[in-house]
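Asks: This is upload37.txt (compact mmCIF, C-alpha atoms).
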```
# COMPACT_ATOMS: atom_id res chain seq x y z
CA MET A 1137 251.92 230.88 138.52
CA SER A 1138 252.77 228.07 140.91
CA ASP A 1139 255.04 225.35 139.61
CA LYS A 1140 252.42 222.88 140.84
CA ILE A 1141 249.81 224.14 138.39
CA SER A 1142 249.27 222.82 134.87
CA LYS A 1143 247.50 224.69 132.08
CA GLU A 1144 245.17 222.84 129.71
CA ILE A 1145 242.69 223.47 126.90
CA ARG A 1146 239.02 222.92 127.69
CA SER A 1147 235.93 222.73 125.44
CA LEU A 1148 232.48 223.58 126.81
CA VAL A 1149 229.02 223.44 125.19
CA THR A 1150 226.67 225.92 126.84
CA ASN A 1151 222.90 225.84 127.28
CA ASP A 1152 222.54 229.00 125.21
CA GLY A 1153 223.90 227.31 122.09
CA ASN A 1154 227.62 228.09 122.09
CA ILE A 1155 230.84 226.15 122.23
CA GLU A 1156 233.60 227.80 124.28
CA LEU A 1157 237.31 227.08 124.13
CA SER A 1158 239.45 228.30 127.01
CA ILE A 1159 242.67 227.79 128.95
CA LYS A 1160 242.07 226.37 132.42
CA THR A 1161 244.41 225.41 135.24
CA ALA A 1162 244.59 222.27 137.37
CA GLU A 1163 246.89 221.02 140.10
CA ILE A 1164 249.66 218.73 138.90
CA PRO A 1165 248.95 215.28 140.38
CA THR A 1166 251.44 213.05 142.14
CA PRO A 1167 251.89 209.73 140.30
CA GLY A 1168 250.81 206.54 142.01
CA ALA A 1169 252.97 203.44 142.28
CA ASP A 1170 252.41 202.35 138.65
CA GLU A 1171 252.01 205.82 137.14
CA VAL A 1172 254.24 208.41 135.51
CA LEU A 1173 254.00 212.20 135.24
CA ILE A 1174 254.70 213.47 131.72
CA LYS A 1175 255.69 216.99 130.78
CA VAL A 1176 253.76 217.19 127.50
CA GLU A 1177 255.83 219.00 124.89
CA ALA A 1178 254.00 218.19 121.65
CA ALA A 1179 250.45 217.20 120.70
CA PRO A 1180 249.04 217.21 117.15
CA ILE A 1181 245.62 218.46 116.11
CA ASN A 1182 244.14 215.45 114.30
CA PRO A 1183 240.77 215.31 112.54
CA SER A 1184 239.68 212.99 115.36
CA ASP A 1185 240.37 215.80 117.87
CA LEU A 1186 238.06 218.28 116.17
CA GLY A 1187 234.86 216.43 117.12
CA LEU A 1188 235.46 217.18 120.79
CA LEU A 1189 237.43 220.39 120.42
CA LEU A 1190 235.02 222.19 118.07
CA SER A 1191 232.19 219.65 117.84
CA PHE A 1192 230.74 218.76 114.46
CA ALA A 1193 227.98 221.28 115.12
CA ALA A 1194 230.05 224.46 115.49
CA ASP A 1195 229.57 227.33 113.04
CA ILE A 1196 233.20 228.26 112.36
CA SER A 1197 232.16 231.52 110.68
CA SER A 1198 230.74 232.80 114.00
CA ILE A 1199 234.05 232.82 115.95
CA SER A 1200 234.57 235.57 118.48
CA THR A 1201 237.09 236.00 121.28
CA SER A 1202 237.23 237.78 124.62
CA GLY A 1203 240.01 238.32 127.14
CA SER A 1204 243.70 237.83 126.44
CA GLY A 1205 246.59 235.57 127.38
CA ASN A 1206 245.55 232.79 129.76
CA GLU A 1207 242.14 234.48 130.14
CA THR A 1208 241.27 234.11 126.44
CA THR A 1209 237.90 232.51 125.64
CA THR A 1210 236.92 231.72 122.06
CA THR A 1211 233.23 231.27 121.31
CA MET A 1212 231.38 229.77 118.34
CA LYS A 1213 227.67 229.33 117.81
CA ILE A 1214 226.24 225.85 117.41
CA HIS A 1215 223.85 225.27 114.52
CA PRO A 1216 220.41 225.30 116.23
CA ALA A 1217 219.24 222.15 114.47
CA LEU A 1218 222.18 220.24 115.97
CA MET A 1219 221.79 221.32 119.59
CA ASN A 1220 219.87 218.17 120.51
CA ALA A 1221 222.91 216.08 119.63
CA MET A 1222 224.96 218.18 122.06
CA LYS A 1223 222.80 217.48 125.13
CA PRO A 1224 225.05 214.73 126.57
CA ARG A 1225 227.90 217.22 126.94
CA LEU A 1226 226.03 220.37 127.97
CA ASP A 1227 227.81 222.49 130.60
CA GLN A 1228 230.68 219.98 130.93
CA SER A 1229 234.14 221.54 130.65
CA MET A 1230 235.93 218.79 128.73
CA GLN A 1231 239.65 218.13 128.35
CA VAL A 1232 240.85 217.71 124.78
CA GLY A 1233 243.65 216.08 122.79
CA ASN A 1234 243.86 212.43 121.80
CA GLU A 1235 247.62 211.96 121.64
CA GLY A 1236 250.97 213.58 122.21
CA ALA A 1237 254.46 213.12 123.55
CA GLY A 1238 256.73 214.42 126.26
CA VAL A 1239 259.34 213.57 128.84
CA VAL A 1240 258.66 211.63 132.06
CA VAL A 1241 259.56 213.97 134.92
CA ASP A 1242 258.28 211.91 137.87
CA ALA A 1243 257.15 208.35 138.48
CA GLY A 1244 255.78 206.06 141.13
CA GLU A 1245 257.91 203.43 142.85
CA ASN A 1246 257.26 200.79 140.17
CA ALA A 1247 258.09 203.01 137.20
CA LYS A 1248 261.17 204.99 138.28
CA GLU A 1249 263.17 203.63 135.33
CA LEU A 1250 261.05 205.77 132.95
CA ILE A 1251 262.12 209.11 134.44
CA GLY A 1252 263.89 211.12 131.75
CA LYS A 1253 262.50 208.99 128.90
CA THR A 1254 260.68 210.46 125.90
CA VAL A 1255 257.30 208.74 125.56
CA GLY A 1256 254.34 208.83 123.21
CA LEU A 1257 250.85 208.54 124.58
CA ALA A 1258 247.23 208.29 123.47
CA GLY A 1259 245.75 209.13 126.83
CA GLY A 1260 243.23 211.87 126.08
CA ALA A 1261 243.50 215.37 127.59
CA MET A 1262 246.84 215.80 125.84
CA TYR A 1263 246.42 219.53 125.31
CA SER A 1264 247.78 219.81 128.84
CA GLN A 1265 251.16 220.86 130.18
CA TYR A 1266 251.37 217.77 132.41
CA ARG A 1267 249.63 214.37 132.28
CA CYS A 1268 249.67 211.65 134.92
CA VAL A 1269 248.98 208.23 133.37
CA PRO A 1270 249.64 204.51 133.93
CA ALA A 1271 253.19 203.67 132.91
CA ALA A 1272 251.86 200.82 130.76
CA SER A 1273 250.07 203.36 128.55
CA CYS A 1274 253.33 204.93 127.42
CA LEU A 1275 255.23 204.06 124.28
CA VAL A 1276 258.89 204.51 125.21
CA MET A 1277 260.93 205.99 122.38
CA ASP A 1278 264.50 205.18 121.45
CA GLU A 1279 267.24 207.41 122.80
CA GLY A 1280 267.53 210.62 120.79
CA THR A 1281 263.87 210.85 119.78
CA LEU A 1282 262.37 214.29 120.34
CA PRO A 1283 258.82 214.77 121.68
CA SER A 1284 257.95 216.60 118.46
CA GLU A 1285 259.00 213.49 116.49
CA ALA A 1286 256.99 211.20 118.77
CA ALA A 1287 253.86 213.37 119.01
CA SER A 1288 251.91 211.49 116.34
CA SER A 1289 252.92 207.99 117.38
CA PHE A 1290 249.48 206.49 117.93
CA VAL A 1291 246.48 207.63 115.89
CA ASN A 1292 247.93 207.72 112.37
CA PRO A 1293 250.62 205.00 112.65
CA LEU A 1294 248.35 202.47 114.37
CA THR A 1295 245.47 203.27 112.03
CA ALA A 1296 247.66 202.63 108.99
CA LEU A 1297 249.01 199.39 110.46
CA SER A 1298 245.49 198.32 111.41
CA PHE A 1299 244.35 198.79 107.81
CA ILE A 1300 246.91 196.12 106.91
CA GLU A 1301 245.69 193.82 109.69
CA THR A 1302 242.07 194.31 108.57
CA MET A 1303 243.09 193.37 105.03
CA LYS A 1304 244.71 190.17 106.24
CA MET A 1305 241.91 189.21 108.62
CA GLU A 1306 239.24 189.69 105.94
CA ASN A 1307 241.16 187.83 103.22
CA HIS A 1308 241.95 190.72 100.89
CA THR A 1309 245.34 191.14 99.24
CA ALA A 1310 245.55 194.84 98.33
CA LEU A 1311 244.16 198.19 99.44
CA VAL A 1312 242.57 201.41 98.21
CA HIS A 1313 242.98 204.57 100.29
CA THR A 1314 241.43 208.02 99.84
CA ALA A 1315 242.78 211.40 100.96
CA ALA A 1316 246.02 209.54 100.41
CA ALA A 1317 248.35 212.56 100.59
CA SER A 1318 247.59 213.05 104.29
CA ASN A 1319 250.14 212.26 106.99
CA LEU A 1320 248.40 208.93 107.49
CA GLY A 1321 248.31 208.31 103.74
CA GLN A 1322 252.02 208.95 103.40
CA MET A 1323 252.69 206.47 106.20
CA LEU A 1324 250.54 203.88 104.46
CA VAL A 1325 252.46 204.34 101.21
CA LYS A 1326 255.74 203.66 103.04
CA ILE A 1327 254.33 200.65 104.94
CA CYS A 1328 252.90 199.05 101.81
CA LYS A 1329 256.05 199.68 99.81
CA GLY A 1330 258.18 198.14 102.55
CA ASP A 1331 255.88 195.18 103.13
CA GLY A 1332 255.17 194.48 99.43
CA ILE A 1333 251.43 195.21 99.61
CA PRO A 1334 249.76 196.65 96.48
CA LEU A 1335 248.14 200.03 97.26
CA VAL A 1336 245.89 202.26 95.17
CA ASN A 1337 246.02 205.88 96.34
CA ILE A 1338 243.23 208.36 95.61
CA VAL A 1339 243.92 212.11 95.81
CA ARG A 1340 242.28 215.27 94.46
CA LYS A 1341 245.18 217.48 93.36
CA SER A 1342 248.04 217.02 90.89
CA GLU A 1343 250.60 218.13 93.49
CA HIS A 1344 249.39 215.30 95.72
CA VAL A 1345 250.08 212.85 92.90
CA GLU A 1346 253.66 214.10 92.67
CA LEU A 1347 254.11 213.97 96.46
CA LEU A 1348 253.11 210.31 96.65
CA LYS A 1349 255.09 209.34 93.55
CA GLU A 1350 258.19 210.80 95.19
CA LEU A 1351 257.53 208.53 98.19
CA GLY A 1352 257.44 205.53 95.88
CA ALA A 1353 253.70 205.10 95.31
CA GLU A 1354 253.01 203.13 92.12
CA TYR A 1355 249.28 203.79 91.71
CA VAL A 1356 247.91 207.29 92.34
CA CYS A 1357 244.52 208.32 90.92
CA ASN A 1358 243.36 211.94 90.89
CA THR A 1359 239.62 212.58 91.29
CA SER A 1360 240.07 215.91 89.49
CA ASP A 1361 241.17 214.18 86.27
CA GLU A 1362 238.56 213.39 83.61
CA SER A 1363 240.14 209.97 83.35
CA PHE A 1364 239.74 209.24 87.08
CA MET A 1365 237.40 206.25 86.77
CA ASP A 1366 239.42 204.71 83.94
CA ASP A 1367 242.63 205.23 85.90
CA LEU A 1368 241.05 203.71 89.02
CA VAL A 1369 239.79 200.65 87.16
CA ALA A 1370 243.22 200.12 85.60
CA ALA A 1371 244.89 200.33 89.02
CA LEU A 1372 242.37 197.88 90.50
CA VAL A 1373 242.91 195.42 87.65
CA ALA A 1374 246.68 195.65 88.21
CA THR A 1375 246.52 195.25 92.01
CA GLY A 1376 243.42 193.14 92.55
CA ALA A 1377 242.40 195.45 95.41
CA THR A 1378 238.95 194.67 96.82
CA LEU A 1379 239.21 196.58 100.13
CA GLY A 1380 239.03 200.36 100.45
CA PHE A 1381 239.42 202.81 103.32
CA ASP A 1382 237.75 206.18 102.81
CA ALA A 1383 238.71 209.18 104.94
CA THR A 1384 236.14 211.51 103.39
CA GLY A 1385 232.80 209.88 104.17
CA GLY A 1386 231.70 211.20 100.81
CA GLY A 1387 234.10 212.99 98.51
CA ASN A 1388 233.51 213.71 94.84
CA ASN A 1389 230.05 215.14 95.59
CA GLY A 1390 229.38 212.34 98.05
CA GLU A 1391 229.96 209.58 95.51
CA LEU A 1392 233.56 208.49 96.13
CA PRO A 1393 232.82 205.30 98.14
CA SER A 1394 230.29 204.30 95.48
CA GLN A 1395 232.77 205.03 92.70
CA ILE A 1396 235.36 202.81 94.38
CA LEU A 1397 232.87 199.93 94.62
CA ALA A 1398 231.79 200.45 91.00
CA ALA A 1399 235.40 200.43 89.80
CA MET A 1400 236.08 197.26 91.82
CA GLU A 1401 233.09 195.62 90.11
CA ILE A 1402 234.30 196.62 86.64
CA ALA A 1403 237.78 195.29 87.45
CA ALA A 1404 236.32 192.00 88.75
CA ASN A 1405 234.17 191.54 85.64
CA LYS A 1406 237.20 191.89 83.39
CA THR A 1407 238.39 188.51 84.65
CA ALA A 1408 234.95 186.88 85.09
CA LYS A 1409 234.48 183.63 83.22
CA GLU A 1410 230.70 183.94 82.83
CA TYR A 1411 227.96 186.57 83.06
CA SER A 1412 225.75 186.86 86.14
CA ARG A 1413 222.77 189.20 86.41
CA TYR A 1414 223.70 189.62 90.11
CA GLY A 1415 227.14 190.95 89.27
CA SER A 1416 230.51 189.45 90.08
CA ASP A 1417 230.85 187.09 93.02
CA THR A 1418 234.01 188.92 94.12
CA TYR A 1419 233.31 190.52 97.50
CA LYS A 1420 234.10 194.23 97.59
CA GLN A 1421 234.32 196.22 100.83
CA VAL A 1422 234.77 199.93 101.55
CA TYR A 1423 235.14 201.22 105.10
CA ILE A 1424 234.50 204.86 105.97
CA TYR A 1425 236.86 205.84 108.77
CA GLY A 1426 236.69 209.63 108.61
CA GLY A 1427 234.42 212.54 107.79
CA LEU A 1428 236.54 215.04 105.84
CA ASP A 1429 233.52 215.63 103.59
CA GLN A 1430 230.32 216.40 105.48
CA SER A 1431 228.04 215.88 102.46
CA PRO A 1432 225.75 212.80 102.34
CA THR A 1433 227.24 209.52 101.17
CA ILE A 1434 225.51 208.65 97.89
CA LEU A 1435 225.40 205.07 96.64
CA LYS A 1436 224.68 204.37 92.98
CA ARG A 1437 224.45 200.61 93.12
CA SER A 1438 226.12 199.51 89.92
CA TYR A 1439 228.27 196.86 91.57
CA GLY A 1440 226.13 193.76 91.87
CA MET A 1441 225.17 192.22 95.19
CA SER A 1442 228.50 191.15 96.64
CA TRP A 1443 229.67 194.28 98.44
CA GLY A 1444 229.72 196.06 101.75
CA LEU A 1445 230.00 199.61 103.05
CA GLY A 1446 230.60 200.19 106.74
CA GLY A 1447 232.24 202.29 109.40
CA TRP A 1448 235.70 201.58 110.81
CA LEU A 1449 237.26 202.79 114.05
CA LEU A 1450 240.73 202.11 115.42
CA THR A 1451 239.83 201.21 119.02
CA PRO A 1452 237.40 198.34 118.22
CA MET A 1453 239.85 197.07 115.61
CA ILE A 1454 242.64 196.89 118.18
CA GLY A 1455 240.33 194.68 120.24
CA ARG A 1456 240.00 192.32 117.27
CA ILE A 1457 243.74 192.32 116.60
CA GLY A 1458 244.59 191.32 120.18
CA MET A 1459 247.15 192.67 122.62
CA GLU A 1460 250.09 190.57 121.42
CA LYS A 1461 249.88 191.82 117.84
CA PHE A 1462 249.06 195.32 119.06
CA GLY A 1463 252.24 195.29 121.14
CA GLN A 1464 254.26 194.32 118.07
CA MET A 1465 252.69 197.18 116.12
CA ARG A 1466 253.58 199.66 118.87
CA MET A 1467 257.20 198.51 118.89
CA ARG A 1468 257.41 198.92 115.12
CA VAL A 1469 256.13 202.49 115.45
CA ALA A 1470 258.76 203.34 118.08
CA LYS A 1471 261.52 201.83 115.95
CA GLU A 1472 260.45 203.60 112.73
CA ILE A 1473 259.13 206.91 114.16
CA LYS A 1474 261.73 208.94 112.23
CA THR A 1475 261.24 207.10 108.94
CA THR A 1476 258.05 205.18 108.08
CA PHE A 1477 255.98 206.99 110.70
CA ALA A 1478 257.54 210.44 110.50
CA SER A 1479 255.03 213.33 110.59
CA SER A 1480 255.37 216.88 109.34
CA TYR A 1481 253.58 219.98 110.58
CA ALA A 1482 252.78 223.33 109.07
CA LYS A 1483 253.28 225.19 112.33
CA GLU A 1484 253.93 224.76 116.05
CA ILE A 1485 251.44 226.75 118.13
CA SER A 1486 250.88 227.68 121.77
CA PHE A 1487 247.64 227.34 123.73
CA GLU A 1488 246.90 231.04 123.13
CA GLU A 1489 247.50 230.67 119.39
CA MET A 1490 245.28 227.59 119.38
CA LEU A 1491 242.35 229.85 120.36
CA GLU A 1492 242.99 232.48 117.68
CA PRO A 1493 240.13 232.64 115.11
CA ALA A 1494 242.39 232.60 112.03
CA ILE A 1495 244.31 229.57 113.30
CA ILE A 1496 241.10 227.73 114.24
CA GLN A 1497 239.73 228.32 110.75
CA SER A 1498 242.97 226.93 109.32
CA TYR A 1499 243.18 223.71 111.32
CA ALA A 1500 239.41 223.15 111.05
CA LYS A 1501 239.80 222.83 107.27
CA GLN A 1502 241.79 219.61 107.76
CA ALA A 1503 243.73 220.45 104.61
CA THR A 1504 246.64 218.32 103.43
CA GLY A 1505 249.93 219.88 104.53
CA GLU A 1506 248.25 222.09 107.14
CA LYS A 1507 248.61 219.91 110.22
CA TYR A 1508 249.29 221.85 113.44
CA LEU A 1509 251.41 220.80 116.40
CA VAL A 1510 250.51 222.17 119.84
CA ASN A 1511 253.34 222.92 122.27
CA PRO A 1512 251.70 223.38 125.70
CA HIS A 1513 254.77 225.17 127.08
CA LYS A 1514 255.23 227.64 124.23
CA GLU A 1515 254.69 231.24 125.37
```
Using structure tokens, write down the structure that the file contains.

Replies:
Amino acid sequence: MSDKISKEIRSLVTNDGNIELSIKTAEIPTPGADEVLIKVEAAPINPSDLGLLLSFAADISSISTSGSGNETTTTMKIHPALMNAMKPRLDQSMQVGNEGAGVVVDAGENAKELIGKTVGLAGGAMYSQYRCVPAASCLVMDEGTLPSEAASSFVNPLTALSFIETMKMENHTALVHTAAASNLGQMLVKICKGDGIPLVNIVRKSEHVELLKELGAEYVCNTSDESFMDDLVAALVATGATLGFDATGGGNNGELPSQILAAMEIAANKTAKEYSRYGSDTYKQVYIYGGLDQSPTILKRSYGMSWGLGGWLLTPMIGRIGMEKFGQMRMRVAKEIKTTFASSYAKEISFEEMLEPAIIQSYAKQATGEKYLVNPHKE
């Protein structure tokens, strides 16, 4: 293969109701005056990547493969009832991968100082061997930082930090977070501990409780415990948390966001000075920012009339935060990438391994402790 060719992962939805994953090639571009060329050495598979990579409509049980090596194509059927939602991307071979890291190997005349630097990037199309991007898009890491350490320097770290900024902007003083044993959840535990912010963590396994306690989490509630609601109310009374971020979209048979709001209402009423038939006047907010649970979100409205449930996305929130504060957040991530924002991975995989049915089924589960790191240059 020519040294001017870059391999990349592509995702294609076909007219006959399939999604196809394949390895394609493209010519390595020459960077413009304000651009850099990055040799991508590490890119994580985040839940946010799966929507484009596999699409929410793919039937994972229908995986089949053909060809081998760089000619491998992996095919999955799309649930027929969901094909209409796929129309905007029919027959478009789409690049995949939200974020990653690598080393700058070439640069335009205004960015030569970045050559040889390890950088993190949220530039899309990161499941590529080489990416040409504006130099301003790169987060330059401190000397001695490996691409594998910098691979998850955007999505999870900036999401966790933006939770804190949302809390401050909306006049809350403490947080609730679900799926809290995730990489993102572990970062949030470390941020809140360091910054003195009360945090209530919700998990679903006893080993997750132990994991977070070892990181210094004070309040960890397990949805699998019979005492879950009592434990949650006690934690909310202790912290005063009235803002929650839910990664599941449902959880606990679709009722987790509703349970959080109900527990917040019970906690608020414990300090209420008088009864109101409309419930407490303490405003309670839960944001759904992920879809780990595909079941419907069920609301059992036992929390008065002062509450909100909404969606939350990182990109619009960054717009609200403003570029100055966003820049400060980025610099904090670079400084603490080996500590507060360190990520761990179950396995490092190649492009070919990324298309293997067993590995797809594993990373599609989005299970805690099963995060995969893609190395585009691994053979």

Asks: For Leu1372 of chain A, which of A:Val1336, A:Cys1268, A:His1344, A:Asn1405 is the closest residue, counting only C-alpha atoms?

Replies: A:Val1336

Asks: When you look at Ser1273 of chain A with a cut-off of 12 Å (counting only C-alpha atoms), what residues show up, excluding the ones that are within fewer than 5 positions of it in the same chain? I need them as a ChimeraX atom specification.

Replies: /A:1170-1174,1235,1237,1247,1255-1260,1267-1268,1290,1463,1466

Asks: What is the atom CA of Thr1211 of chain A to atom CA of Ala1193 of chain A distance in Å?

Replies: 12.9 Å

Asks: Find the residue from A:Phe1381, A:Gln1430, A:Ser1284, A:Gly1376 that sits nearest to Thr1407 of chain A; use all atoms listed in the file when measuring.

Replies: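 Of all the options, A:Gly1376 lies closest to Thr1407 of chain A.
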
Asks: Which residues are close to segment 1482-1490 of chain A, i.e. within 9 Å by all atoms listed in the file, leaving aside same-chain residues fewer than 5 positions away? Reply as a list in words.

Replies: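 With the cut-off at 9 Å, the set is Lys1143, Glu1144, Ile1145, Ser1158, Ile1159, Ala1178, Ser1204, Gly1205, Asn1206, Thr1208, Tyr1263, Ile1495, Ile1496, Gly1505, Glu1506, Lys1507, Tyr1508, Leu1509, Val1510, Asn1511, Pro1512, His1513, Lys1514 and Glu1515 of chain A.
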
Asks: Leaving out Val1369 of chain A and any residue of its chain fewer than 6 positions from it, which residues lie within 8 Å of it when counting all atoms listed in the file, given as a VMD selection string?

Replies: chain A and resid 1399 to 1400 1402 to 1403

Asks: Nearest to Met1222 of chain A among A:Gly1321, A:Gly1168, A:Gly1280, A:Gly1153, with distances taken over only C-alpha atoms: which residue is it?

Replies: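 Ranked by minimum distance to Met1222 of chain A, first place goes to A:Gly1153.
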
Asks: Between atom CA of Thr1314 of chain A and atom CA of Ala1377 of chain A, measure the distance and give it in Å to one decimal.

Replies: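 Atom CA of Thr1314 of chain A sits 13.4 Å away from atom CA of Ala1377 of chain A.
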
Asks: Quick one: residues within 12 Å of Pro1432 of chain A, only C-alpha atoms counted, chain neighbours fewer than 3 positions away excluded, as a compact mmCIF listing (two decimals) with C-alpha atoms, in the frame of the given file?

Replies:
```txt
# COMPACT_ATOMS: atom_id res chain seq x y z
CA THR A 1384 236.14 211.51 103.39
CA GLY A 1385 232.80 209.88 104.17
CA GLY A 1386 231.70 211.20 100.81
CA GLY A 1387 234.10 212.99 98.51
CA ASN A 1388 233.51 213.71 94.84
CA ASN A 1389 230.05 215.14 95.59
CA GLY A 1390 229.38 212.34 98.05
CA GLU A 1391 229.96 209.58 95.51
CA LEU A 1392 233.56 208.49 96.13
CA PRO A 1393 232.82 205.30 98.14
CA SER A 1394 230.29 204.30 95.48
CA GLY A 1427 234.42 212.54 107.79
CA LEU A 1428 236.54 215.04 105.84
CA ASP A 1429 233.52 215.63 103.59
CA LEU A 1435 225.40 205.07 96.64
```

Asks: Return as AutoDock Vina command-line options the box centre and box size in Å, one decimal, for an axis-aligned box around all listed atoms of segment 1138-1153 of chain A padded by 8 Å per side.

Replies:
```
--center_x 238.8 --center_y 225.9 --center_z 131.5 --size_x 48.5 --size_y 22.3 --size_z 34.8
```

Asks: Nearest to Lys1304 of chain A among A:Ala1286, A:Leu1379, A:Ile1338, A:Leu1348, with distances taken over all atoms listed in the file: which residue is it?

Replies: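 For Lys1304 of chain A, the nearest of the candidates is A:Leu1379.
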
Asks: Hey, which of A:Ala1478, A:Ala1261, A:Asn1246, A:Gly1187 ends up closest to Asn1319 of chain A? Count only C-alpha atoms.

Replies: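 Ranked by minimum distance to Asn1319 of chain A, first place goes to A:Ala1478.
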